[in-house]
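Asker: Below is the file work-v2.txt, which contains compact mmCIF, N, CA and C atoms.
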```txt
# COMPACT_ATOMS: atom_id res chain seq x y z
N MET G 1 0.56 -0.78 0.00
CA MET G 1 0.00 0.00 0.00
C MET G 1 0.65 0.91 0.00
N VAL G 2 2.22 0.28 7.04
CA VAL G 2 0.92 0.87 6.79
C VAL G 2 0.06 0.72 8.02
N CYS G 3 0.07 -0.46 8.58
CA CYS G 3 -0.74 -0.64 9.77
C CYS G 3 -0.17 0.15 10.94
N ALA G 4 1.07 0.62 10.79
CA ALA G 4 1.69 1.39 11.85
C ALA G 4 1.15 2.81 11.90
N LEU G 5 0.42 3.20 10.89
CA LEU G 5 -0.09 4.55 10.88
C LEU G 5 -1.49 4.60 11.46
N LEU G 6 -1.71 5.62 12.25
CA LEU G 6 -3.03 5.78 12.85
C LEU G 6 -3.93 6.45 11.84
N VAL G 7 -5.08 5.87 11.61
CA VAL G 7 -6.01 6.39 10.63
C VAL G 7 -7.27 6.82 11.37
N ALA G 8 -7.63 8.09 11.20
CA ALA G 8 -8.84 8.57 11.85
C ALA G 8 -9.48 9.66 11.03
N GLY G 9 -10.78 9.76 11.10
CA GLY G 9 -11.51 10.83 10.44
C GLY G 9 -11.62 10.64 8.96
N CYS G 10 -12.22 11.66 8.32
CA CYS G 10 -12.36 11.67 6.88
C CYS G 10 -11.74 12.92 6.35
N GLY G 11 -11.09 12.82 5.20
CA GLY G 11 -10.48 13.98 4.60
C GLY G 11 -11.29 14.47 3.43
N SER G 12 -10.94 15.66 2.97
CA SER G 12 -11.57 16.22 1.79
C SER G 12 -10.55 17.06 1.06
N ASP G 13 -10.56 16.98 -0.26
CA ASP G 13 -9.65 17.78 -1.06
C ASP G 13 -10.32 19.02 -1.60
N GLY G 14 -11.54 19.29 -1.15
CA GLY G 14 -12.23 20.49 -1.54
C GLY G 14 -12.99 20.40 -2.84
N ASP G 15 -12.95 19.27 -3.53
CA ASP G 15 -13.67 19.19 -4.81
C ASP G 15 -15.01 18.49 -4.66
N GLY G 16 -15.40 18.22 -3.43
CA GLY G 16 -16.72 17.67 -3.18
C GLY G 16 -16.82 16.17 -3.28
N ASP G 17 -15.73 15.47 -3.64
CA ASP G 17 -15.84 14.02 -3.76
C ASP G 17 -15.34 13.31 -2.50
N GLY G 18 -14.87 14.09 -1.51
CA GLY G 18 -14.46 13.49 -0.24
C GLY G 18 -13.09 12.87 -0.27
N GLY G 19 -12.45 12.80 -1.43
CA GLY G 19 -11.15 12.18 -1.53
C GLY G 19 -10.04 13.19 -1.37
N GLY G 20 -8.88 12.82 -1.75
CA GLY G 20 -7.73 13.70 -1.67
C GLY G 20 -6.55 12.93 -1.15
N GLU G 21 -5.39 13.54 -1.29
CA GLU G 21 -4.16 12.85 -0.97
C GLU G 21 -4.12 12.36 0.47
N GLY G 22 -4.64 13.14 1.43
CA GLY G 22 -4.60 12.74 2.82
C GLY G 22 -5.90 12.12 3.31
N ALA G 23 -6.83 11.90 2.44
CA ALA G 23 -8.14 11.40 2.84
C ALA G 23 -8.07 9.96 3.31
N VAL G 24 -8.92 9.64 4.27
CA VAL G 24 -9.07 8.28 4.74
C VAL G 24 -10.29 7.71 4.03
N GLY G 25 -10.09 6.63 3.34
CA GLY G 25 -11.18 6.05 2.56
C GLY G 25 -11.93 4.97 3.29
N ASP G 26 -12.97 4.53 2.65
CA ASP G 26 -13.84 3.48 3.18
C ASP G 26 -13.32 2.13 2.69
N PRO G 27 -12.82 1.27 3.60
CA PRO G 27 -12.27 -0.02 3.19
C PRO G 27 -13.27 -0.91 2.44
N THR G 28 -14.55 -0.82 2.78
CA THR G 28 -15.55 -1.64 2.09
C THR G 28 -15.65 -1.23 0.62
N ARG G 29 -15.70 0.07 0.36
CA ARG G 29 -15.73 0.54 -1.03
C ARG G 29 -14.39 0.26 -1.71
N GLY G 30 -13.30 0.35 -0.94
CA GLY G 30 -11.97 0.07 -1.49
C GLY G 30 -11.83 -1.37 -1.95
N LYS G 31 -12.49 -2.28 -1.26
CA LYS G 31 -12.45 -3.69 -1.68
C LYS G 31 -13.10 -3.84 -3.05
N VAL G 32 -14.16 -3.08 -3.30
CA VAL G 32 -14.82 -3.10 -4.61
C VAL G 32 -13.88 -2.55 -5.67
N VAL G 33 -13.19 -1.45 -5.38
CA VAL G 33 -12.23 -0.87 -6.33
C VAL G 33 -11.12 -1.87 -6.62
N PHE G 34 -10.62 -2.54 -5.58
CA PHE G 34 -9.56 -3.54 -5.73
C PHE G 34 -10.00 -4.61 -6.73
N ALA G 35 -11.22 -5.09 -6.57
CA ALA G 35 -11.75 -6.13 -7.46
C ALA G 35 -11.99 -5.60 -8.87
N GLN G 36 -12.62 -4.43 -8.98
CA GLN G 36 -12.93 -3.87 -10.29
C GLN G 36 -11.68 -3.57 -11.10
N GLN G 37 -10.63 -3.16 -10.45
CA GLN G 37 -9.40 -2.79 -11.16
C GLN G 37 -8.48 -4.00 -11.40
N GLY G 38 -8.85 -5.15 -10.89
CA GLY G 38 -8.08 -6.37 -11.14
C GLY G 38 -6.78 -6.46 -10.36
N CYS G 39 -6.70 -5.78 -9.23
CA CYS G 39 -5.46 -5.80 -8.44
C CYS G 39 -5.06 -7.23 -8.04
N GLY G 40 -6.06 -8.06 -7.78
CA GLY G 40 -5.81 -9.44 -7.37
C GLY G 40 -5.26 -10.32 -8.49
N ASN G 41 -5.24 -9.80 -9.72
CA ASN G 41 -4.64 -10.56 -10.82
C ASN G 41 -3.12 -10.59 -10.73
N CYS G 42 -2.54 -9.69 -9.94
CA CYS G 42 -1.09 -9.62 -9.82
C CYS G 42 -0.57 -9.68 -8.38
N HIS G 43 -1.44 -9.31 -7.42
CA HIS G 43 -0.99 -9.17 -6.04
C HIS G 43 -1.67 -10.14 -5.09
N THR G 44 -0.93 -10.60 -4.10
CA THR G 44 -1.49 -11.32 -2.97
C THR G 44 -2.03 -10.28 -2.00
N PHE G 45 -3.24 -10.50 -1.53
CA PHE G 45 -3.82 -9.68 -0.46
C PHE G 45 -4.92 -10.51 0.18
N ALA G 46 -4.66 -10.99 1.38
CA ALA G 46 -5.56 -11.93 2.05
C ALA G 46 -6.98 -11.40 2.17
N ALA G 47 -7.14 -10.12 2.49
CA ALA G 47 -8.47 -9.55 2.68
C ALA G 47 -9.30 -9.59 1.41
N ALA G 48 -8.64 -9.69 0.27
CA ALA G 48 -9.34 -9.77 -1.01
C ALA G 48 -9.41 -11.20 -1.52
N GLY G 49 -8.77 -12.12 -0.82
CA GLY G 49 -8.76 -13.51 -1.27
C GLY G 49 -7.88 -13.75 -2.48
N SER G 50 -6.91 -12.86 -2.69
CA SER G 50 -6.03 -13.02 -3.86
C SER G 50 -4.67 -13.54 -3.43
N SER G 51 -4.06 -14.33 -4.32
CA SER G 51 -2.78 -14.95 -3.97
C SER G 51 -1.80 -14.97 -5.14
N LYS G 52 -1.90 -14.03 -6.05
CA LYS G 52 -0.96 -13.96 -7.18
C LYS G 52 0.34 -13.34 -6.71
N ASN G 53 1.42 -13.60 -7.43
CA ASN G 53 2.71 -13.06 -6.99
C ASN G 53 3.51 -12.39 -8.11
N THR G 54 2.81 -11.81 -9.09
CA THR G 54 3.51 -11.04 -10.12
C THR G 54 4.06 -9.77 -9.51
N GLY G 55 3.27 -9.14 -8.66
CA GLY G 55 3.69 -7.91 -7.97
C GLY G 55 3.91 -8.19 -6.51
N PRO G 56 4.36 -7.16 -5.79
CA PRO G 56 4.61 -7.34 -4.35
C PRO G 56 3.38 -7.81 -3.59
N ASN G 57 3.62 -8.57 -2.55
CA ASN G 57 2.58 -9.06 -1.66
C ASN G 57 2.03 -7.87 -0.87
N LEU G 58 0.77 -7.54 -1.09
CA LEU G 58 0.20 -6.36 -0.46
C LEU G 58 -0.05 -6.54 1.02
N ASP G 59 -0.10 -7.77 1.51
CA ASP G 59 -0.17 -7.99 2.96
C ASP G 59 1.13 -7.48 3.60
N GLU G 60 2.25 -7.76 2.97
CA GLU G 60 3.54 -7.29 3.48
C GLU G 60 3.66 -5.78 3.32
N VAL G 61 3.22 -5.26 2.19
CA VAL G 61 3.25 -3.81 1.96
C VAL G 61 2.44 -3.10 3.04
N ALA G 62 1.25 -3.62 3.34
CA ALA G 62 0.38 -3.01 4.34
C ALA G 62 1.02 -3.01 5.73
N ARG G 63 1.84 -3.99 6.02
CA ARG G 63 2.51 -4.05 7.33
C ARG G 63 3.70 -3.10 7.41
N ARG G 64 4.30 -2.76 6.26
CA ARG G 64 5.55 -2.02 6.27
C ARG G 64 5.46 -0.54 5.92
N TYR G 65 4.45 -0.16 5.17
CA TYR G 65 4.45 1.19 4.63
C TYR G 65 3.22 1.99 5.02
N PRO G 66 3.37 3.33 5.15
CA PRO G 66 2.24 4.19 5.48
C PRO G 66 1.31 4.40 4.29
N ALA G 67 0.12 4.88 4.59
CA ALA G 67 -0.90 5.10 3.56
C ALA G 67 -0.41 6.02 2.44
N ALA G 68 0.33 7.06 2.77
CA ALA G 68 0.80 8.01 1.74
C ALA G 68 1.72 7.30 0.74
N PHE G 69 2.57 6.40 1.24
CA PHE G 69 3.45 5.66 0.36
C PHE G 69 2.65 4.72 -0.55
N ILE G 70 1.64 4.08 0.01
CA ILE G 70 0.81 3.17 -0.77
C ILE G 70 0.07 3.94 -1.86
N ARG G 71 -0.48 5.10 -1.51
CA ARG G 71 -1.17 5.92 -2.51
C ARG G 71 -0.22 6.31 -3.63
N GLU G 72 0.98 6.77 -3.26
CA GLU G 72 1.96 7.15 -4.28
C GLU G 72 2.31 5.97 -5.18
N SER G 73 2.40 4.78 -4.61
CA SER G 73 2.74 3.59 -5.38
C SER G 73 1.64 3.20 -6.37
N ILE G 74 0.41 3.58 -6.08
CA ILE G 74 -0.70 3.33 -7.00
C ILE G 74 -0.70 4.37 -8.12
N VAL G 75 -0.50 5.63 -7.75
CA VAL G 75 -0.53 6.73 -8.71
C VAL G 75 0.73 6.75 -9.57
N ASP G 76 1.88 6.40 -8.98
CA ASP G 76 3.15 6.39 -9.71
C ASP G 76 3.92 5.12 -9.33
N PRO G 77 3.55 3.99 -9.93
CA PRO G 77 4.16 2.71 -9.54
C PRO G 77 5.67 2.64 -9.73
N ALA G 78 6.23 3.50 -10.56
CA ALA G 78 7.67 3.48 -10.79
C ALA G 78 8.43 4.36 -9.80
N ALA G 79 7.73 5.04 -8.90
CA ALA G 79 8.39 5.94 -7.95
C ALA G 79 9.36 5.17 -7.05
N TYR G 80 8.98 3.97 -6.67
CA TYR G 80 9.83 3.11 -5.85
C TYR G 80 9.58 1.68 -6.27
N ILE G 81 10.63 0.97 -6.62
CA ILE G 81 10.48 -0.43 -7.02
C ILE G 81 10.99 -1.29 -5.86
N GLU G 82 10.09 -2.06 -5.30
CA GLU G 82 10.39 -2.92 -4.17
C GLU G 82 11.36 -4.02 -4.60
N LYS G 83 12.19 -4.44 -3.68
CA LYS G 83 13.06 -5.60 -3.93
C LYS G 83 12.34 -6.83 -3.39
N GLY G 84 12.43 -7.91 -4.13
CA GLY G 84 11.78 -9.14 -3.70
C GLY G 84 11.66 -10.10 -4.85
N VAL G 85 11.22 -11.31 -4.54
CA VAL G 85 11.09 -12.34 -5.55
C VAL G 85 9.73 -13.02 -5.37
N SER G 86 9.02 -13.24 -6.46
CA SER G 86 7.75 -13.97 -6.45
C SER G 86 6.79 -13.49 -5.38
N GLY G 87 6.59 -12.20 -5.32
CA GLY G 87 5.61 -11.64 -4.41
C GLY G 87 6.13 -11.31 -3.03
N SER G 88 7.31 -11.82 -2.66
CA SER G 88 7.83 -11.49 -1.34
C SER G 88 8.50 -10.13 -1.39
N ILE G 89 8.61 -9.51 -0.24
CA ILE G 89 9.28 -8.23 -0.13
C ILE G 89 10.58 -8.45 0.60
N GLY G 90 11.60 -7.80 0.14
CA GLY G 90 12.93 -7.95 0.71
C GLY G 90 13.74 -8.87 -0.18
N GLY G 91 15.02 -8.69 -0.17
CA GLY G 91 15.88 -9.50 -1.02
C GLY G 91 16.75 -8.61 -1.88
N ASP G 92 17.41 -9.21 -2.83
CA ASP G 92 18.37 -8.48 -3.64
C ASP G 92 17.85 -8.09 -5.02
N ALA G 93 16.87 -8.80 -5.52
CA ALA G 93 16.39 -8.55 -6.88
C ALA G 93 15.23 -7.55 -6.88
N SER G 94 15.27 -6.58 -7.79
CA SER G 94 14.17 -5.63 -7.91
C SER G 94 13.09 -6.21 -8.80
N TYR G 95 11.84 -5.91 -8.46
CA TYR G 95 10.75 -6.25 -9.36
C TYR G 95 10.93 -5.41 -10.62
N ARG G 96 10.46 -5.93 -11.71
CA ARG G 96 10.40 -5.14 -12.94
C ARG G 96 9.01 -4.53 -12.92
N ASN G 97 8.95 -3.20 -12.92
CA ASN G 97 7.65 -2.54 -12.85
C ASN G 97 6.89 -2.72 -14.15
N ILE G 98 5.74 -3.39 -14.05
CA ILE G 98 4.87 -3.54 -15.22
C ILE G 98 3.50 -2.91 -14.96
N MET G 99 3.32 -2.36 -13.74
CA MET G 99 2.04 -1.76 -13.39
C MET G 99 1.95 -0.36 -13.97
N LEU G 100 0.82 -0.08 -14.61
CA LEU G 100 0.55 1.26 -15.10
C LEU G 100 -0.01 2.12 -13.97
N PRO G 101 0.15 3.43 -14.05
CA PRO G 101 -0.41 4.31 -13.02
C PRO G 101 -1.94 4.25 -12.99
N PHE G 102 -2.49 4.34 -11.78
CA PHE G 102 -3.93 4.44 -11.56
C PHE G 102 -4.17 5.77 -10.88
N GLY G 103 -5.30 6.39 -11.17
CA GLY G 103 -5.63 7.64 -10.51
C GLY G 103 -6.22 8.65 -11.46
N PRO G 104 -6.13 9.93 -11.09
CA PRO G 104 -6.75 10.98 -11.90
C PRO G 104 -6.06 11.20 -13.25
N ASN G 105 -4.79 10.82 -13.38
CA ASN G 105 -4.04 11.05 -14.61
C ASN G 105 -3.40 9.76 -15.13
N PRO G 106 -4.21 8.77 -15.44
CA PRO G 106 -3.66 7.47 -15.86
C PRO G 106 -3.22 7.48 -17.32
N VAL G 107 -2.45 6.47 -17.69
CA VAL G 107 -2.04 6.28 -19.08
C VAL G 107 -3.24 5.81 -19.90
N THR G 108 -4.07 4.97 -19.32
CA THR G 108 -5.25 4.46 -20.00
C THR G 108 -6.50 4.83 -19.23
N GLU G 109 -7.59 5.03 -19.93
CA GLU G 109 -8.86 5.41 -19.29
C GLU G 109 -9.33 4.34 -18.31
N ALA G 110 -9.03 3.09 -18.58
CA ALA G 110 -9.44 2.01 -17.69
C ALA G 110 -8.80 2.12 -16.31
N ASN G 111 -7.70 2.85 -16.19
CA ASN G 111 -6.99 3.01 -14.92
C ASN G 111 -7.38 4.29 -14.18
N ARG G 112 -8.37 5.01 -14.71
CA ARG G 112 -8.77 6.27 -14.07
C ARG G 112 -9.52 5.97 -12.77
N LEU G 113 -9.06 6.60 -11.69
CA LEU G 113 -9.71 6.52 -10.39
C LEU G 113 -9.89 7.94 -9.87
N THR G 114 -11.02 8.21 -9.24
CA THR G 114 -11.22 9.49 -8.59
C THR G 114 -10.38 9.53 -7.32
N ASP G 115 -10.23 10.72 -6.77
CA ASP G 115 -9.52 10.82 -5.49
C ASP G 115 -10.22 9.99 -4.42
N GLN G 116 -11.56 9.96 -4.46
CA GLN G 116 -12.29 9.17 -3.47
C GLN G 116 -12.02 7.68 -3.65
N GLN G 117 -12.00 7.20 -4.90
CA GLN G 117 -11.70 5.79 -5.15
C GLN G 117 -10.30 5.45 -4.67
N LEU G 118 -9.35 6.34 -4.91
CA LEU G 118 -7.98 6.13 -4.43
C LEU G 118 -7.97 6.04 -2.90
N ALA G 119 -8.66 6.98 -2.25
CA ALA G 119 -8.71 6.97 -0.79
C ALA G 119 -9.35 5.67 -0.28
N ASP G 120 -10.41 5.25 -0.93
CA ASP G 120 -11.08 4.00 -0.54
C ASP G 120 -10.16 2.80 -0.73
N LEU G 121 -9.45 2.75 -1.85
CA LEU G 121 -8.53 1.65 -2.12
C LEU G 121 -7.41 1.63 -1.08
N VAL G 122 -6.85 2.78 -0.78
CA VAL G 122 -5.80 2.84 0.24
C VAL G 122 -6.38 2.45 1.60
N GLY G 123 -7.61 2.87 1.88
CA GLY G 123 -8.25 2.45 3.13
C GLY G 123 -8.38 0.94 3.21
N PHE G 124 -8.73 0.31 2.12
CA PHE G 124 -8.84 -1.15 2.10
C PHE G 124 -7.48 -1.79 2.29
N LEU G 125 -6.47 -1.26 1.60
CA LEU G 125 -5.14 -1.85 1.71
C LEU G 125 -4.53 -1.67 3.08
N THR G 126 -4.87 -0.57 3.77
CA THR G 126 -4.29 -0.35 5.09
C THR G 126 -5.11 -0.96 6.21
N GLN G 127 -6.41 -1.19 5.97
CA GLN G 127 -7.28 -1.71 7.02
C GLN G 127 -8.00 -2.97 6.59
N GLY G 128 -7.69 -3.48 5.41
CA GLY G 128 -8.44 -4.59 4.81
C GLY G 128 -8.53 -5.82 5.66
N ASN G 129 -7.50 -6.12 6.41
CA ASN G 129 -7.53 -7.33 7.21
C ASN G 129 -8.50 -7.22 8.37
N SER G 130 -8.95 -5.98 8.68
CA SER G 130 -9.89 -5.82 9.78
C SER G 130 -11.30 -5.58 9.28
N SER G 131 -11.48 -5.52 7.93
CA SER G 131 -12.84 -5.28 7.43
C SER G 131 -13.48 -6.54 6.93
```
Kindly present the structure from the file in structure tokens form.

Answerer:
Amino acid sequence: MVCALLVAGCGSDGDGDGGGEGAVGDPTRGKVVFAQQGCGNCHTFAAAGSSKNTGPNLDEVARRYPAAFIRESIVDPAAYIEKGVSGSIGGDASYRNIMLPFGPNPVTEANRLTDQQLADLVGFLTQGNSS
């Protein structure tokens, strides 16, 4: 995406959609975004019932990184390339980034997410195991 960060309240970016870079999203809606965007086709995430290992294991990501980092990794997947092999995090080999950006300015229209959808997805990734 994290569990080390305290998440409280709801944010707003002023555009009326309730989202924004610092917004706390709804994990239930985020689970829907996760499924609709096909995140489970590449990532392991227990809360979503996915176990693929093309990309980093999101259970590990959620334990290690704050929400802001997870959001940035969705919007700009090449900003930081995790080291690991077959879905694990840590190790010597870098993943080859094949994920396209998701968010307000995606490469493809299919990857367009509103700020609220991003907040919800990050909420699911950071709190998914408890929802």

Asker: Give the answer as one residue: which of G:Ala67, G:Gly40, G:Gly55, G:Gly49 has the shortest atom-to-atom distance to Leu125 (chain G), using all atoms listed in the file?

Answerer: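 Smallest separation from Leu125 (chain G) among the options: G:Ala67.
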
Asker: When you count only N, CA and C atoms, which of these residues is closest to Gln37 (chain G): G:Asn111, G:Ser73, G:Thr54, G:Gly128?

Answerer: G:Asn111

Asker: Report as number ranges by chain all protein, DNA and RNA residues lying within 7 Å of Thr114 (chain G), evaluated on only C-alpha atoms, omitting residues in the same chain fewer than 4 positions from it.

Answerer: G: 103-104, 118

Asker: Could you give me, as a list in words, the residues within 8 Å of Leu113 (chain G), counting only N, CA and C atoms and dropping anything in the same chain fewer than 4 positions from it?

Answerer: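 In the requested format, the answer is Pro101, Phe102, Gly103, Pro104, Asn105, Pro106, Glu109, Gln117, Leu118 and Ala119 of chain G.
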
Asker: Which value, in Å to one decimal, gives the distance between atom N of Val32 (chain G) and atom C of Gly123 (chain G)?

Answerer: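 If I compute the distance from atom N of Val32 (chain G) to atom C of Gly123 (chain G), I get 9.6 Å.
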
Asker: Select all residues near (1.8, -9.4, 2.0) (cut-off 7 Å, inclusive, file coordinates), counting all atoms listed in the file, and output them as an MDAnalysis selection string.

Answerer: chainID G and resid 44:46 56:63 87

Asker: Which of these residues is nearest to Phe124 (chain G), using all atoms listed in the file: G:Ala110, G:Ala47, G:Cys42, G:Ile74?

Answerer: G:Ala47

Asker: Which is closer to Val24 (chain G) than all the others in G:Tyr65, G:Val107, G:Asn97, G:Leu121, using only C-alpha atoms?

Answerer: G:Leu121

Asker: Go ahead and compute the interatomic distance for atom C of Asp120 (chain G) and atom N of Thr28 (chain G), in Å to one decimal.

Answerer: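 Going from atom C of Asp120 (chain G) over to atom N of Thr28 (chain G) covers 6.7 Å.
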
Asker: With DSSP run on the backbone, what are the strand (DSSP E) residues within region 38-129 of chain G? I'd like them as a list in words.

Answerer: Thr44, Phe45, Ser50 and Ser51 of chain G

Asker: If I take CA of Val75 (chain G) and atom C of Pro27 (chain G), how far is one from the other in Å, to one decimal?

Answerer: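 These two atoms are separated by 18.6 Å.
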
Asker: Using the partial input, fill out region 101-123 of chain G with N, CA, C and O atoms; write the result as a short mmCIF file (atom, residue, chain, number, x, y, z; two decimals), in the coordinates of the input.

Answerer:
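What ended up in result-v4.cif:
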```cif
data_model
loop_
_atom_site.label_atom_id
_atom_site.label_comp_id
_atom_site.auth_asym_id
_atom_site.auth_seq_id
_atom_site.Cartn_x
_atom_site.Cartn_y
_atom_site.Cartn_z
N PRO G 101 0.15 3.43 -14.05
CA PRO G 101 -0.41 4.31 -13.02
C PRO G 101 -1.94 4.25 -12.99
O PRO G 101 -2.58 4.11 -14.02
N PHE G 102 -2.49 4.34 -11.78
CA PHE G 102 -3.93 4.44 -11.56
C PHE G 102 -4.17 5.77 -10.88
O PHE G 102 -3.36 6.22 -10.08
N GLY G 103 -5.30 6.39 -11.17
CA GLY G 103 -5.63 7.64 -10.51
C GLY G 103 -6.22 8.65 -11.46
O GLY G 103 -6.72 8.30 -12.53
N PRO G 104 -6.13 9.93 -11.09
CA PRO G 104 -6.75 10.98 -11.90
C PRO G 104 -6.06 11.20 -13.25
O PRO G 104 -6.67 11.72 -14.17
N ASN G 105 -4.79 10.82 -13.38
CA ASN G 105 -4.04 11.05 -14.61
C ASN G 105 -3.40 9.76 -15.13
O ASN G 105 -2.19 9.67 -15.25
N PRO G 106 -4.21 8.77 -15.44
CA PRO G 106 -3.66 7.47 -15.86
C PRO G 106 -3.22 7.48 -17.32
O PRO G 106 -3.57 8.38 -18.09
N VAL G 107 -2.45 6.47 -17.69
CA VAL G 107 -2.04 6.28 -19.08
C VAL G 107 -3.24 5.81 -19.90
O VAL G 107 -3.41 6.20 -21.04
N THR G 108 -4.07 4.97 -19.32
CA THR G 108 -5.25 4.46 -20.00
C THR G 108 -6.50 4.83 -19.23
O THR G 108 -6.48 4.94 -18.00
N GLU G 109 -7.59 5.03 -19.93
CA GLU G 109 -8.86 5.41 -19.29
C GLU G 109 -9.33 4.34 -18.31
O GLU G 109 -9.95 4.65 -17.29
N ALA G 110 -9.03 3.09 -18.58
CA ALA G 110 -9.44 2.01 -17.69
C ALA G 110 -8.80 2.12 -16.31
O ALA G 110 -9.30 1.57 -15.33
N ASN G 111 -7.70 2.85 -16.19
CA ASN G 111 -6.99 3.01 -14.92
C ASN G 111 -7.38 4.29 -14.18
O ASN G 111 -6.78 4.62 -13.18
N ARG G 112 -8.37 5.01 -14.71
CA ARG G 112 -8.77 6.27 -14.07
C ARG G 112 -9.52 5.97 -12.77
O ARG G 112 -10.47 5.19 -12.74
N LEU G 113 -9.06 6.60 -11.69
CA LEU G 113 -9.71 6.52 -10.39
C LEU G 113 -9.89 7.94 -9.87
O LEU G 113 -9.00 8.78 -10.03
N THR G 114 -11.02 8.21 -9.24
CA THR G 114 -11.22 9.49 -8.59
C THR G 114 -10.38 9.53 -7.32
O THR G 114 -9.90 8.49 -6.84
N ASP G 115 -10.23 10.72 -6.77
CA ASP G 115 -9.52 10.82 -5.49
C ASP G 115 -10.22 9.99 -4.42
O ASP G 115 -9.57 9.39 -3.57
N GLN G 116 -11.56 9.96 -4.46
CA GLN G 116 -12.29 9.17 -3.47
C GLN G 116 -12.02 7.68 -3.65
O GLN G 116 -11.82 6.95 -2.68
N GLN G 117 -12.00 7.20 -4.90
CA GLN G 117 -11.70 5.79 -5.15
C GLN G 117 -10.30 5.45 -4.67
O GLN G 117 -10.08 4.38 -4.09
N LEU G 118 -9.35 6.34 -4.91
CA LEU G 118 -7.98 6.13 -4.43
C LEU G 118 -7.97 6.04 -2.90
O LEU G 118 -7.34 5.15 -2.33
N ALA G 119 -8.66 6.98 -2.25
CA ALA G 119 -8.71 6.97 -0.79
C ALA G 119 -9.35 5.67 -0.28
O ALA G 119 -8.87 5.07 0.69
N ASP G 120 -10.41 5.25 -0.93
CA ASP G 120 -11.08 4.00 -0.54
C ASP G 120 -10.16 2.80 -0.73
O ASP G 120 -10.08 1.93 0.14
N LEU G 121 -9.45 2.75 -1.85
CA LEU G 121 -8.53 1.65 -2.12
C LEU G 121 -7.41 1.63 -1.08
O LEU G 121 -7.09 0.57 -0.53
N VAL G 122 -6.85 2.78 -0.78
CA VAL G 122 -5.80 2.84 0.24
C VAL G 122 -6.38 2.45 1.60
O VAL G 122 -5.73 1.73 2.36
N GLY G 123 -7.61 2.87 1.88
CA GLY G 123 -8.25 2.45 3.13
C GLY G 123 -8.38 0.94 3.21
O GLY G 123 -8.15 0.35 4.27
#
```
